[in-house]
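Data from start12.txt: compact mmCIF, C-alpha atoms
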```txt
# COMPACT_ATOMS: atom_id res chain seq x y z
CA MET A 1 -7.33 1.01 -29.79
CA THR A 2 -5.76 -1.74 -27.66
CA ASN A 3 -6.50 -2.07 -23.94
CA ALA A 4 -2.96 -0.96 -23.15
CA ALA A 5 -3.39 2.12 -25.33
CA LYS A 6 -6.70 2.96 -23.66
CA PHE A 7 -5.14 2.66 -20.22
CA GLY A 8 -2.24 4.82 -21.36
CA ALA A 9 -4.66 7.44 -22.63
CA VAL A 10 -6.34 7.60 -19.23
CA LEU A 11 -2.98 8.08 -17.53
CA LEU A 12 -2.12 10.80 -20.01
CA LEU A 13 -5.32 12.65 -19.13
CA LEU A 14 -4.42 12.41 -15.47
CA ALA A 15 -0.94 13.74 -16.15
CA GLN A 16 -2.41 16.68 -18.06
CA GLY A 17 -4.45 17.76 -15.06
CA ALA A 18 -7.83 16.15 -15.75
CA ILE A 19 -8.06 15.97 -11.95
CA ALA A 20 -6.63 18.20 -9.27
CA ASP A 21 -4.25 15.68 -7.71
CA ASP A 22 -1.10 14.95 -9.70
CA TRP A 23 -0.19 11.27 -9.38
CA PRO A 24 2.74 9.60 -11.15
CA GLY A 25 1.77 6.71 -13.40
CA PRO A 26 1.88 3.27 -11.77
CA GLN A 27 4.97 1.20 -12.49
CA VAL A 28 6.35 -2.24 -11.68
CA VAL A 29 8.15 -1.94 -8.34
CA THR A 30 10.26 -4.32 -6.27
CA VAL A 31 10.83 -4.34 -2.52
CA PHE A 32 13.46 -6.49 -0.75
CA SER A 33 13.52 -7.73 2.81
CA GLU A 34 16.29 -6.18 4.89
CA ASP A 35 18.29 -9.44 4.97
CA GLY A 36 17.98 -9.92 1.20
CA THR A 37 16.44 -13.39 1.42
CA ARG A 38 13.13 -12.35 -0.13
CA PHE A 39 11.68 -9.82 -2.49
CA VAL A 40 8.25 -9.01 -3.89
CA ARG A 41 7.67 -7.53 -7.33
CA VAL A 42 4.37 -5.71 -7.74
CA LYS A 43 2.84 -5.49 -11.20
CA PRO A 44 0.13 -2.79 -11.59
CA GLY A 45 -3.43 -3.87 -12.23
CA GLU A 46 -5.83 -2.58 -14.84
CA SER A 47 -9.06 -2.19 -12.88
CA LEU A 48 -9.41 1.59 -13.02
CA GLY A 49 -13.18 1.20 -12.79
CA ASP A 50 -12.78 -0.06 -9.22
CA THR A 51 -11.10 3.14 -8.05
CA MET A 52 -13.04 6.03 -6.56
CA GLY A 53 -14.03 8.55 -9.23
CA PHE A 54 -13.75 6.20 -12.22
CA ALA A 55 -16.87 4.08 -11.87
CA GLY A 56 -17.43 3.91 -15.64
CA ALA A 57 -13.86 2.99 -16.57
CA LYS A 58 -12.56 -0.44 -17.50
CA LYS A 59 -12.42 -3.19 -14.88
CA GLY A 60 -9.84 -5.93 -15.10
CA GLU A 61 -7.09 -7.66 -13.19
CA TYR A 62 -5.97 -6.23 -9.87
CA ALA A 63 -2.31 -5.65 -9.02
CA HIS A 64 -0.23 -8.82 -8.67
CA GLY A 65 2.48 -9.60 -6.13
CA LEU A 66 5.23 -11.99 -7.19
CA PHE A 67 6.87 -13.43 -4.05
CA TYR A 68 10.48 -14.64 -4.49
CA GLU A 69 12.72 -16.55 -2.07
CA LEU A 70 16.50 -16.92 -2.02
CA GLN A 71 17.79 -20.45 -2.76
CA ALA A 72 20.91 -22.32 -1.65
CA ASP A 73 22.62 -21.58 -5.00
CA ARG A 74 21.96 -17.83 -4.42
CA SER A 75 19.30 -17.63 -7.09
CA TYR A 76 15.74 -16.53 -6.35
CA ARG A 77 12.76 -18.82 -6.86
CA LEU A 78 9.23 -17.60 -7.51
CA ALA A 79 7.19 -18.90 -4.59
CA SER A 80 3.81 -17.48 -5.62
CA ASP A 81 2.02 -15.03 -7.87
CA VAL A 82 -1.07 -13.64 -6.16
CA ALA A 83 -3.63 -10.94 -6.78
CA LEU A 84 -3.37 -8.08 -4.31
CA LEU A 85 -6.28 -6.00 -3.01
CA ASN A 86 -5.28 -2.95 -5.08
CA PRO A 87 -7.16 -2.22 -8.32
CA ILE A 88 -4.05 -0.50 -9.73
CA ALA A 89 -1.18 -0.50 -7.21
CA PRO A 90 -0.35 0.07 -3.55
CA VAL A 91 1.23 3.40 -2.66
CA ASP A 92 3.77 2.16 -0.09
CA LEU A 93 4.86 -1.25 1.11
CA LEU A 94 7.25 -2.96 3.49
CA LEU A 95 8.58 -6.54 3.47
CA SER A 96 9.80 -8.26 6.63
CA ASN A 97 12.62 -10.80 6.83
CA SER A 98 9.99 -13.48 7.52
CA GLY A 99 8.29 -12.64 4.23
CA HIS A 100 5.24 -10.76 5.51
CA LEU A 101 4.22 -7.95 3.19
CA ILE A 102 2.26 -4.92 4.39
CA THR A 103 0.86 -2.47 1.84
CA PHE A 104 -0.60 0.98 2.32
CA ASP A 105 -3.27 2.84 0.34
CA ASN A 106 -4.24 2.69 -3.32
CA TRP A 107 -2.80 4.45 -6.33
CA HIS A 108 -4.78 7.63 -6.99
CA ASN A 109 -7.02 6.80 -4.01
CA ALA A 110 -5.08 7.19 -0.74
CA GLY A 111 -7.56 6.62 2.07
CA TYR A 112 -10.03 4.65 -0.06
CA GLY A 113 -10.45 0.92 -0.54
CA LYS A 114 -8.17 -1.34 1.49
CA VAL A 115 -5.84 1.24 3.04
CA VAL A 116 -3.78 -1.41 4.86
CA ALA A 117 -3.31 -5.05 3.84
CA ILE A 118 -1.04 -7.76 5.23
CA TYR A 119 0.03 -10.86 3.31
CA GLY A 120 1.95 -13.93 4.47
CA SER A 121 5.22 -15.19 3.02
CA THR A 122 3.51 -16.89 0.06
CA GLY A 123 1.03 -14.08 -0.52
CA GLN A 124 -1.83 -15.51 1.52
CA PRO A 125 -4.03 -12.73 2.95
CA VAL A 126 -3.66 -12.18 6.70
CA ALA A 127 -5.83 -9.10 7.26
CA SER A 128 -6.93 -5.89 5.59
CA TRP A 129 -8.74 -2.71 6.57
CA SER A 130 -10.62 0.17 5.03
CA LEU A 131 -10.47 3.61 6.62
CA GLU A 132 -13.95 3.01 8.02
CA GLN A 133 -12.59 0.00 9.93
CA LEU A 134 -9.78 2.04 11.48
CA TYR A 135 -11.62 5.25 12.41
CA SER A 136 -14.97 6.49 13.60
CA PRO A 137 -17.06 8.60 11.18
CA GLU A 138 -16.24 11.69 13.23
CA GLN A 139 -12.51 11.01 12.95
CA ILE A 140 -12.76 10.48 9.20
CA ASP A 141 -14.51 13.84 8.86
CA SER A 142 -11.46 15.44 10.54
CA ILE A 143 -8.99 14.03 8.02
CA ARG A 144 -7.86 16.32 5.21
CA GLN A 145 -9.39 15.40 1.86
CA SER A 146 -8.63 16.21 -1.75
CA ILE A 147 -10.47 15.26 -4.94
CA SER A 148 -8.81 11.86 -5.09
CA SER A 149 -7.81 11.00 -1.54
CA ARG A 150 -8.20 11.12 2.22
CA TRP A 151 -4.75 11.88 3.65
CA TRP A 152 -4.77 9.82 6.84
CA ARG A 153 -1.13 8.70 6.97
CA CYS A 154 2.03 10.45 8.04
CA HIS A 155 5.67 9.59 7.55
CA PRO A 156 7.61 7.67 8.58
CA PHE A 157 6.36 4.09 9.02
CA HIS A 158 8.73 1.40 10.25
CA PHE A 159 9.18 -1.78 12.25
CA VAL A 160 8.54 -1.42 15.97
CA ASP A 161 11.09 -4.19 16.57
CA PRO A 162 13.81 -3.81 13.89
CA LYS A 163 15.46 -7.14 14.76
CA GLU A 164 12.38 -9.39 14.96
CA GLN A 165 10.29 -7.35 12.48
CA THR A 166 6.93 -8.56 13.77
CA LYS A 167 5.11 -5.21 14.12
CA VAL A 168 4.84 -2.05 12.02
CA VAL A 169 4.01 1.39 13.40
CA VAL A 170 2.23 4.00 11.30
CA ARG A 171 1.77 7.58 12.44
CA GLU A 172 -1.50 9.16 11.40
CA ALA A 173 -2.89 12.57 10.64
CA LEU A 174 -4.85 12.99 13.89
CA GLY A 175 -1.66 12.82 15.93
CA GLY A 176 -1.78 9.20 17.04
CA GLU A 177 -0.37 5.96 15.71
CA PHE A 178 -1.38 2.48 14.62
CA VAL A 179 0.66 -0.64 15.34
CA PHE A 180 -0.02 -3.62 13.06
CA GLU A 181 1.04 -7.15 14.02
CA LEU A 182 2.13 -8.94 10.85
CA SER A 183 1.57 -12.57 11.80
CA THR A 184 -1.90 -12.21 13.37
CA GLY A 185 -3.34 -9.14 11.65
CA LYS A 186 -4.20 -7.53 15.00
CA PHE A 187 -3.73 -3.80 15.44
CA THR A 188 -3.77 -1.24 18.22
CA TYR A 189 -4.54 2.46 17.95
CA THR A 190 -3.18 5.08 20.32
CA LYS A 191 -4.69 8.54 20.18
CA GLY A 192 -2.38 11.51 20.36
CA THR A 193 -1.87 15.16 19.59
CA ALA A 194 1.66 15.07 18.21
CA ALA A 195 2.26 16.95 15.00
CA CYS A 196 3.36 14.86 12.07
CA ARG A 197 4.34 15.41 8.47
CA THR A 198 1.30 14.68 6.35
CA ALA A 199 1.57 14.46 2.60
CA GLY A 200 1.50 17.83 0.93
CA LYS A 201 1.03 16.04 -2.36
CA PRO A 202 0.36 12.43 -3.38
CA PHE A 203 2.93 9.90 -2.26
CA SER A 204 5.09 8.47 -5.03
CA ALA A 205 3.79 5.14 -6.23
CA THR A 206 7.37 4.05 -6.83
CA SER A 207 9.09 5.29 -3.68
CA PHE A 208 9.25 2.93 -0.72
CA GLN A 209 10.81 3.36 2.71
```
Could you spell out this file's structure in structure tokens?
Amino acid sequence: MTNAAKFGAVLLLLAQGAIADDWPGPQVVTVFSEDGTRFVRVKPGESLGDTMGFAGAKKGEYAHGLFYELQADRSYRLASDVALLNPIAPVDLLLSNSGHLITFDNWHNAGYGKVVAIYGSTGQPVASWSLEQLYSPEQIDSIRQSISSRWWRCHPFHFVDPKEQTKVVVREALGGEFVFELSTGKFTYTKGTAACRTAGKPFSATSFQ
């Protein structure tokens, strides 16, 4: 059996309910900047063994981000092809007009691994965080968990400054919010008690806001 066939067989088992959480299979996805001058195409990785719950599975390449820039002749040029911090794929992502990419969570493992990662315009890493770097142990214990994931995020997430697009705000399950600064990788956390819409089921790996 080829590696691709083996990976497909694993996904088939997942689709048939081998685990409690029903995740769509990872696919190649593309996200454009609002002004259309840049886009990033994300190719899923094959390192299932690096995801929580699949320690004995195959390890391989991580997801790749292909960063494209608009040229004077209106074509797009590939600026870089870089490995991302996701063993399979990010769950959500957002691309600024300046080319900064921010990704959220991991396919099949929301709340595990690098739950937030920021990359520069050519894919260079700016900063990344695990859940343990964002919350205290007591806070993590308060977050709803399922077999595959820790559901810390709420919708929506968006730019704090829609024109400049330098900061991204993320509402979270404990009622507060994080604000991530794209160029520096700094973040602030504000506690709160506001209700928010947490995920009732896994986020789509192919649906981006």
Practice item. Mind checking which residues fall within 6 Å of segment 94-105 of chain A, counting only C-alpha atoms, ignoring those fewer than 6 positions away in the same chain, and posting them as number ranges by chain? Key: A: 33, 111, 115-121, 165
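Comparing the minimum interatomic distances between Phe67 of chain A and each of A:Arg171, A:Arg38, A:Lys186, A:Arg153, counting only C-alpha atoms, we find that A:Arg38 sits nearest.
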Practice item. For Val170 of chain A, work out the shell of residues within 9 Å, counting only C-alpha atoms and skipping chain neighbours fewer than 6 positions away, then give it as an MDAnalysis selection string. Key: chainID A and resid 153:158 176:180
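From atom CA of Leu85 of chain A back to atom CA of Thr188 of chain A, the distance works out to 21.9 Å.
For the pair atom CA of Pro44 of chain A and atom CA of Val126 of chain A, the separation is 20.9 Å.
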Practice item. Determine the nearest neighbour of Ala89 of chain A from the options A:Lys58, A:Arg77, A:Lys191, A:His64, counting all atoms listed in the file. Key: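 For Ala89 of chain A, the nearest of the candidates is A:His64.
The nearest approach to Leu78 of chain A among the residues A:Thr184, A:Ser142, A:Gln133, A:Thr122, with only C-alpha atoms taken into account, belongs to A:Thr122.
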Practice item. Select, from A:Gly56, A:Glu69, A:Thr51, A:Phe39, the residue with the minimum atom-to-atom distance to Pro87 of chain A, counting only C-alpha atoms. Key: A:Thr51
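Closest approach to Leu84 of chain A among A:Phe159, A:Tyr112, A:Phe54, A:Tyr62 is made by A:Tyr62 (distances from only C-alpha atoms).
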Exercise for review: Tell me which of A:Glu46, A:Asp35, A:Glu164, A:Asp141 sits closest to Trp107 of chain A, counting all atoms listed in the file.
Suggested key: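 Under the stated criterion, the closest residue is A:Glu46.
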Revision key, fill the gap. Correct to one decimal, the distance atom CA of Ser149 of chain A-atom CA of Leu174 of chain A is 15.8 Å
Practice item. Find the spatial neighbours of Glu181 of chain A, counting only C-alpha atoms, within a cut-off of 7 Å - ignore same-chain residues fewer than 5 positions away - and output them as a ChimeraX atom specification. Key: /A:166-168,186-187
Taking (-14.4, 1.3, -14.0) as a centre in this file's frame and 12 Å as the limit, can you find every polymer residue with an atom that close, using all atoms listed in the file, and give them as a PDB file with C-alpha atoms, in the frame of the given file?
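Here's the written file part-v7.pdb:
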```pdb
ATOM      1  CA  PHE A   7      -5.140   2.660 -20.220  1.00  0.00           C
ATOM      2  CA  VAL A  10      -6.340   7.600 -19.230  1.00  0.00           C
ATOM      3  CA  GLU A  46      -5.830  -2.580 -14.840  1.00  0.00           C
ATOM      4  CA  SER A  47      -9.060  -2.190 -12.880  1.00  0.00           C
ATOM      5  CA  LEU A  48      -9.410   1.590 -13.020  1.00  0.00           C
ATOM      6  CA  GLY A  49     -13.180   1.200 -12.790  1.00  0.00           C
ATOM      7  CA  ASP A  50     -12.780  -0.060  -9.220  1.00  0.00           C
ATOM      8  CA  THR A  51     -11.100   3.140  -8.050  1.00  0.00           C
ATOM      9  CA  MET A  52     -13.040   6.030  -6.560  1.00  0.00           C
ATOM     10  CA  GLY A  53     -14.030   8.550  -9.230  1.00  0.00           C
ATOM     11  CA  PHE A  54     -13.750   6.200 -12.220  1.00  0.00           C
ATOM     12  CA  ALA A  55     -16.870   4.080 -11.870  1.00  0.00           C
ATOM     13  CA  GLY A  56     -17.430   3.910 -15.640  1.00  0.00           C
ATOM     14  CA  ALA A  57     -13.860   2.990 -16.570  1.00  0.00           C
ATOM     15  CA  LYS A  58     -12.560  -0.440 -17.500  1.00  0.00           C
ATOM     16  CA  LYS A  59     -12.420  -3.190 -14.880  1.00  0.00           C
ATOM     17  CA  GLY A  60      -9.840  -5.930 -15.100  1.00  0.00           C
ATOM     18  CA  GLU A  61      -7.090  -7.660 -13.190  1.00  0.00           C
ATOM     19  CA  PRO A  87      -7.160  -2.220  -8.320  1.00  0.00           C
ATOM     20  CA  ILE A  88      -4.050  -0.500  -9.730  1.00  0.00           C
TER      21      ILE A  88
END
```
Practice item. Take the point (-0.3, -13.2, -5.4) as written in the file and pick out every residue within 6 Å of it, counting all atoms listed in the file; give the list as a ChimeraX atom specification. Key: /A:64-66,80-83,123
Any chance you could export segment 107-119 of chain A with all heavy atoms, as a compact mmCIF listing (two decimals), in the first residue's frame?
```txt
# COMPACT_ATOMS: atom_id res chain seq x y z
N TRP A 107 -5.60 20.70 12.68
CA TRP A 107 -6.60 19.75 12.20
C TRP A 107 -6.67 18.56 13.16
O TRP A 107 -5.65 17.99 13.54
CB TRP A 107 -6.23 19.27 10.79
CG TRP A 107 -7.17 18.24 10.26
CD1 TRP A 107 -8.35 18.44 9.62
CD2 TRP A 107 -7.00 16.81 10.34
NE1 TRP A 107 -8.93 17.24 9.29
CE2 TRP A 107 -8.13 16.21 9.72
CE3 TRP A 107 -6.00 15.98 10.87
CZ2 TRP A 107 -8.29 14.84 9.61
CZ3 TRP A 107 -6.16 14.60 10.77
CH2 TRP A 107 -7.30 14.05 10.14
N HIS A 108 -7.90 18.25 13.55
CA HIS A 108 -8.20 17.14 14.45
C HIS A 108 -7.72 17.37 15.88
O HIS A 108 -7.93 16.53 16.75
CB HIS A 108 -7.62 15.82 13.93
CG HIS A 108 -8.27 14.63 14.57
ND1 HIS A 108 -7.82 14.07 15.75
CD2 HIS A 108 -9.36 13.93 14.22
CE1 HIS A 108 -8.61 13.06 16.08
NE2 HIS A 108 -9.55 12.97 15.18
N ASN A 109 -7.06 18.49 16.15
CA ASN A 109 -6.48 18.74 17.46
C ASN A 109 -6.63 20.20 17.88
O ASN A 109 -5.67 20.84 18.31
CB ASN A 109 -4.99 18.39 17.47
CG ASN A 109 -4.68 16.94 17.75
OD1 ASN A 109 -3.55 16.52 17.63
ND2 ASN A 109 -5.68 16.16 18.12
N ALA A 110 -7.82 20.77 17.76
CA ALA A 110 -8.01 22.15 18.22
C ALA A 110 -7.61 22.24 19.69
O ALA A 110 -7.99 21.40 20.51
CB ALA A 110 -9.46 22.58 18.05
N GLY A 111 -6.80 23.24 20.02
CA GLY A 111 -6.37 23.41 21.40
C GLY A 111 -5.11 22.66 21.76
O GLY A 111 -4.64 22.76 22.90
N TYR A 112 -4.52 21.92 20.82
CA TYR A 112 -3.27 21.21 21.06
C TYR A 112 -2.22 21.65 20.06
O TYR A 112 -2.54 22.10 18.96
CB TYR A 112 -3.48 19.70 20.96
CG TYR A 112 -4.30 19.12 22.08
CD1 TYR A 112 -5.66 18.87 21.92
CD2 TYR A 112 -3.71 18.82 23.31
CE1 TYR A 112 -6.43 18.35 22.95
CE2 TYR A 112 -4.47 18.30 24.36
CZ TYR A 112 -5.83 18.05 24.17
OH TYR A 112 -6.58 17.55 25.19
N GLY A 113 -0.95 21.50 20.45
CA GLY A 113 0.13 21.95 19.59
C GLY A 113 0.19 23.46 19.56
O GLY A 113 -0.16 24.13 20.54
N LYS A 114 0.67 24.01 18.46
CA LYS A 114 0.72 25.47 18.31
C LYS A 114 -0.67 25.96 17.91
O LYS A 114 -1.08 25.85 16.76
CB LYS A 114 1.76 25.86 17.27
CG LYS A 114 3.19 25.53 17.68
CD LYS A 114 3.59 26.25 18.97
CE LYS A 114 5.04 26.01 19.33
NZ LYS A 114 5.43 26.71 20.59
N VAL A 115 -1.40 26.51 18.88
CA VAL A 115 -2.78 26.92 18.63
C VAL A 115 -2.87 28.25 17.91
O VAL A 115 -3.90 28.57 17.30
CB VAL A 115 -3.59 26.97 19.94
CG1 VAL A 115 -3.64 25.59 20.58
CG2 VAL A 115 -3.01 28.00 20.91
N VAL A 116 -1.82 29.07 18.00
CA VAL A 116 -1.73 30.32 17.23
C VAL A 116 -0.31 30.43 16.71
O VAL A 116 0.65 30.18 17.44
CB VAL A 116 -2.03 31.57 18.10
CG1 VAL A 116 -1.99 32.83 17.23
CG2 VAL A 116 -3.39 31.44 18.78
N ALA A 117 -0.17 30.78 15.43
CA ALA A 117 1.16 31.01 14.85
C ALA A 117 1.07 32.19 13.89
O ALA A 117 0.09 32.33 13.16
CB ALA A 117 1.66 29.77 14.12
N ILE A 118 2.10 33.03 13.90
CA ILE A 118 2.17 34.19 13.02
C ILE A 118 3.42 34.05 12.15
O ILE A 118 4.50 33.71 12.63
CB ILE A 118 2.24 35.50 13.82
CG1 ILE A 118 0.99 35.67 14.69
CG2 ILE A 118 2.38 36.70 12.87
CD1 ILE A 118 1.06 36.87 15.63
N TYR A 119 3.24 34.33 10.85
CA TYR A 119 4.34 34.27 9.89
C TYR A 119 4.42 35.60 9.16
O TYR A 119 3.41 36.26 8.92
CB TYR A 119 4.10 33.15 8.87
CG TYR A 119 3.88 31.79 9.47
CD1 TYR A 119 2.60 31.40 9.87
CD2 TYR A 119 4.92 30.91 9.65
CE1 TYR A 119 2.38 30.15 10.43
CE2 TYR A 119 4.72 29.65 10.21
CZ TYR A 119 3.45 29.28 10.60
OH TYR A 119 3.23 28.04 11.16
```
